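Contents: one structure, followed by commentary.
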Amino acid sequence: MHGDLSGKVWGRYRVAERVAQSQVWEVYRAYQDDVQREVAIKVLAPQLAEVPDVVVAFERAVRAAVALQHLNIERVYAFHQQDGLVGKVGEWIEGVSLEALLSELAAQRLLLPLQVVGTVVSQVASGLTYANELEQNPLHRDVMPANIMLRRGGIARTICSSSCRILGQRMWF
């Protein structure tokens, strides 16, 4: 993509390591010294960061997500743009994605216990209901196991995402 940011400083953030990537974005674990917290930074792919409409849509989605304050929704802190890179800064969620957990269980030919399923569905629904009742109505368009993080202590958090059309193809970021 645009080169690994690991070990570099990007604005107020000391980037530790890349933890995930796709054709659309890369996610980094970083540290914000001024408030002493770990953060996750999702950086758009360079080809998307060069499209003004995509950057505007992404910034709008990030700014709407900053207003969301709910136990079951990822905390988003800021939109950040520097050195040709465009990103979203949010909380670092210590845990595992629902997708990874389900894959691990499937490999062992096990199922997620029904009580856990009920808890996760209830928590995700609570967060989505809250978000969709807000005036700006930031409807989540990409609810799937990869976008649900399970924290220690049994708290499910939905990762904020947005979408736009580029060359007739829907892109999620």
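Please note that chains go A, B, ... in the order of the structure tokens, that every chain numbers its residues from 1, and that ligands are numbered from 1 in the order shown.
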
Please identify all polymer residues within 7 Å of range 61-68 of chain A, counting only C-alpha atoms, omitting same-chain residues fewer than 6 positions from it, and present them as a list in words.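 With the cut-off at 7 Å, the set is Arg75, Val76, Tyr77, Ala78, Phe79, Lys88, Ala131, Pro138, Cys160 and Ser162 of chain A.
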
For those residues, write N, CA and C atoms to a file as a short mmCIF file (atom, residue, chain, number, x, y, z; two decimals), in the first residue's frame.
data_model
loop_
_atom_site.label_atom_id
_atom_site.label_comp_id
_atom_site.auth_asym_id
_atom_site.auth_seq_id
_atom_site.Cartn_x
_atom_site.Cartn_y
_atom_site.Cartn_z
N ARG A 75 -15.15 3.54 20.25
CA ARG A 75 -14.95 4.97 20.45
C ARG A 75 -14.04 5.48 19.35
N VAL A 76 -14.52 6.46 18.60
CA VAL A 76 -13.72 7.08 17.55
C VAL A 76 -13.31 8.44 18.07
N TYR A 77 -12.01 8.75 17.97
CA TYR A 77 -11.48 9.98 18.53
C TYR A 77 -11.29 11.10 17.51
N ALA A 78 -10.83 10.76 16.31
CA ALA A 78 -10.47 11.83 15.39
C ALA A 78 -10.30 11.35 13.95
N PHE A 79 -10.44 12.31 13.04
CA PHE A 79 -10.04 12.17 11.64
C PHE A 79 -8.65 12.77 11.57
N LYS A 88 -8.49 7.32 10.38
CA LYS A 88 -9.42 7.42 11.50
C LYS A 88 -8.68 6.93 12.74
N ALA A 131 -27.19 4.25 17.93
CA ALA A 131 -26.63 5.02 16.81
C ALA A 131 -27.71 5.46 15.84
N PRO A 138 -26.31 7.73 11.72
CA PRO A 138 -25.17 7.08 11.05
C PRO A 138 -25.36 5.57 10.94
N CYS A 160 -17.05 0.96 13.87
CA CYS A 160 -17.72 1.89 12.96
C CYS A 160 -17.16 1.73 11.55
N SER A 162 -18.05 2.88 7.15
CA SER A 162 -18.85 3.66 6.23
C SER A 162 -18.57 3.14 4.83
#

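Shell of Val86 in chain A at 10 Å, with only C-alpha atoms counted and residues fewer than 5 places along the chain excluded, is A:Trp25, A:Ile41, A:Lys42, A:Val43, A:Leu44, A:Ala45, A:Pro46, A:Leu48, A:Ala49, A:Glu50, A:Val55, A:Phe58, A:Glu59, A:Phe79, A:His80, A:Gln81.
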
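Using only C-alpha atoms for every distance, the candidate list A:Leu110, A:Val96, A:Val54, A:Ala40 yields A:Val54 as the residue closest to Val24 in chain A.
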
Within 9 Å of Ser6 in chain A, counting only C-alpha atoms, which residues qualify if same-chain residues fewer than 5 places away don't, as an MDAnalysis selection string? chainID A and resid 14:18 28:30

Fewer than 2 positions away in the same chain doesn't count, so skip those; otherwise give me all residues within 12 Å of range 119-121 of chain A, counting only C-alpha atoms, as a PyMOL selection string. chain A and resi 72+97-98+112-117+123-129+143-145+148-151+153-158

Please measure the separation of CA of Trp10 in chain A and CA of Leu71 in chain A, giving the value in Å to one decimal.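 CA of Trp10 in chain A sits 27.9 Å away from CA of Leu71 in chain A.
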
Step one, run DSSP on the backbone; step two, keep only residues of chain A assigned to helix (DSSP H, G or I); then write them as a ChimeraX atom specification. /A:33-35,46-49,52-66,98-107,114-133,145-147

Dump of C-alpha atoms for the selected residues, as a short mmCIF file (atom, residue, chain, number, x, y, z; two decimals), in the first residue's frame:
data_model
loop_
_atom_site.label_atom_id
_atom_site.label_comp_id
_atom_site.auth_asym_id
_atom_site.auth_seq_id
_atom_site.Cartn_x
_atom_site.Cartn_y
_atom_site.Cartn_z
CA ASP A 33 1.43 10.35 24.23
CA ASP A 34 -0.46 13.56 25.05
CA VAL A 35 -3.36 11.64 26.62
CA PRO A 46 -3.33 5.71 -1.22
CA GLN A 47 -5.53 5.28 -4.30
CA LEU A 48 -8.57 6.18 -2.15
CA ALA A 49 -6.83 9.01 -0.29
CA PRO A 52 -11.42 14.02 -2.98
CA ASP A 53 -15.00 12.64 -2.79
CA VAL A 54 -13.77 9.59 -0.88
CA VAL A 55 -11.81 11.72 1.58
CA VAL A 56 -14.84 13.98 2.16
CA ALA A 57 -17.13 10.96 2.69
CA PHE A 58 -14.61 9.31 5.00
CA GLU A 59 -14.10 12.49 7.04
CA ARG A 60 -17.87 12.98 7.35
CA ALA A 61 -18.28 9.37 8.54
CA VAL A 62 -15.47 9.70 11.08
CA ARG A 63 -16.81 13.00 12.46
CA ALA A 64 -20.28 11.46 12.84
CA ALA A 65 -18.75 8.46 14.63
CA VAL A 66 -16.90 10.74 17.09
CA LEU A 98 -16.21 -12.35 16.51
CA GLU A 99 -15.01 -13.61 13.12
CA ALA A 100 -11.72 -14.87 14.59
CA LEU A 101 -13.50 -16.52 17.50
CA LEU A 102 -16.01 -18.26 15.22
CA SER A 103 -13.18 -19.46 12.94
CA GLU A 104 -11.25 -20.84 15.90
CA LEU A 105 -14.34 -22.63 17.21
CA ALA A 106 -15.15 -24.02 13.75
CA ALA A 107 -11.61 -25.40 13.44
CA LEU A 114 -26.21 -20.00 22.91
CA GLN A 115 -25.93 -17.76 25.99
CA VAL A 116 -22.90 -16.02 24.44
CA VAL A 117 -24.71 -15.63 21.12
CA GLY A 118 -27.63 -13.99 22.92
CA THR A 119 -25.34 -11.63 24.82
CA VAL A 120 -23.40 -10.57 21.71
CA VAL A 121 -26.56 -10.06 19.63
CA SER A 122 -28.18 -8.06 22.43
CA GLN A 123 -25.13 -5.83 22.89
CA VAL A 124 -24.65 -5.21 19.16
CA ALA A 125 -28.37 -4.43 18.78
CA SER A 126 -28.16 -2.01 21.72
CA GLY A 127 -25.30 -0.09 20.10
CA LEU A 128 -26.92 -0.03 16.66
CA THR A 129 -30.26 1.10 18.09
CA TYR A 130 -28.54 3.94 19.93
CA ALA A 131 -26.63 5.02 16.81
CA ASN A 132 -29.67 4.92 14.57
CA GLU A 133 -31.80 6.95 16.97
CA PRO A 145 -18.47 -10.80 12.59
CA ALA A 146 -15.24 -9.11 11.41
CA ASN A 147 -16.62 -5.74 12.62
#

Minimum-distance residue to Ala20 in chain A, chosen among A:Gln32, A:Asp4, A:Asp83, A:Gly90 (using only C-alpha atoms): A:Asp4

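The coordinates place CA of Gly95 in chain A at 19.8 Å from CA of Gln108 in chain A.
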
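Comparing the minimum interatomic distances between Val27 in chain A and each of A:Leu111, A:Val9, A:Val89, A:Leu134, counting only C-alpha atoms, we find that A:Val89 sits nearest.
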
Would you return as an mmCIF file with N, CA and C atoms, in the first residue's frame the members of range 76-111 of chain A that DSSP assigns to strand (DSSP E) on this structure's backbone?
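This is the output file states.cif:
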data_model
loop_
_atom_site.group_PDB
_atom_site.id
_atom_site.type_symbol
_atom_site.label_atom_id
_atom_site.label_comp_id
_atom_site.auth_asym_id
_atom_site.auth_seq_id
_atom_site.Cartn_x
_atom_site.Cartn_y
_atom_site.Cartn_z
ATOM 1 N N VAL A 76 -14.520 6.457 18.604
ATOM 2 C CA VAL A 76 -13.725 7.076 17.553
ATOM 3 C C VAL A 76 -13.314 8.442 18.067
ATOM 4 N N TYR A 77 -12.008 8.750 17.972
ATOM 5 C CA TYR A 77 -11.479 9.984 18.534
ATOM 6 C C TYR A 77 -11.293 11.099 17.511
ATOM 7 N N ALA A 78 -10.831 10.757 16.307
ATOM 8 C CA ALA A 78 -10.471 11.834 15.388
ATOM 9 C C ALA A 78 -10.301 11.349 13.952
ATOM 10 N N PHE A 79 -10.444 12.313 13.043
ATOM 11 C CA PHE A 79 -10.041 12.168 11.645
ATOM 12 C C PHE A 79 -8.645 12.769 11.575
ATOM 13 N N HIS A 80 -7.728 12.114 10.868
ATOM 14 C CA HIS A 80 -6.366 12.656 10.766
ATOM 15 C C HIS A 80 -5.880 12.535 9.329
ATOM 16 N N GLN A 81 -5.286 13.630 8.829
ATOM 17 C CA GLN A 81 -4.754 13.659 7.468
ATOM 18 C C GLN A 81 -3.385 14.317 7.525
ATOM 19 N N GLN A 82 -2.383 13.609 7.007
ATOM 20 C CA GLN A 82 -1.014 14.132 7.046
ATOM 21 C C GLN A 82 -0.165 13.357 6.043
ATOM 22 N N LEU A 85 -1.613 10.866 3.695
ATOM 23 C CA LEU A 85 -2.334 9.749 4.299
ATOM 24 C C LEU A 85 -3.584 10.262 4.994
ATOM 25 N N VAL A 86 -4.635 9.466 4.946
ATOM 26 C CA VAL A 86 -5.921 9.833 5.545
ATOM 27 C C VAL A 86 -6.328 8.699 6.476
ATOM 28 N N GLY A 87 -6.704 9.049 7.711
ATOM 29 C CA GLY A 87 -7.041 7.985 8.640
ATOM 30 C C GLY A 87 -8.053 8.360 9.692
ATOM 31 N N LYS A 88 -8.494 7.324 10.378
ATOM 32 C CA LYS A 88 -9.423 7.419 11.502
ATOM 33 C C LYS A 88 -8.677 6.930 12.735
ATOM 34 N N VAL A 89 -8.761 7.676 13.826
ATOM 35 C CA VAL A 89 -8.132 7.281 15.080
ATOM 36 C C VAL A 89 -9.229 6.915 16.061
ATOM 37 N N GLY A 90 -9.128 5.718 16.627
ATOM 38 C CA GLY A 90 -10.126 5.258 17.587
ATOM 39 C C GLY A 90 -9.483 4.476 18.708
ATOM 40 N N GLU A 91 -10.318 3.983 19.579
ATOM 41 C CA GLU A 91 -9.799 3.227 20.713
ATOM 42 C C GLU A 91 -9.149 1.924 20.240
ATOM 43 N N GLY A 95 -8.865 -7.495 22.575
ATOM 44 C CA GLY A 95 -9.805 -8.601 22.485
ATOM 45 C C GLY A 95 -9.657 -9.316 21.162
ATOM 46 N N VAL A 96 -10.740 -9.916 20.716
ATOM 47 C CA VAL A 96 -10.730 -10.710 19.495
ATOM 48 C C VAL A 96 -11.991 -10.392 18.698
ATOM 49 N N SER A 97 -11.891 -10.440 17.381
ATOM 50 C CA SER A 97 -13.090 -10.223 16.573
ATOM 51 C C SER A 97 -13.991 -11.449 16.677
#

Pairwise distance for CA of Tyr31 in chain A and CA of Arg12 in chain A, rounded to one decimal in Å: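 So the answer is 8.4 Å.
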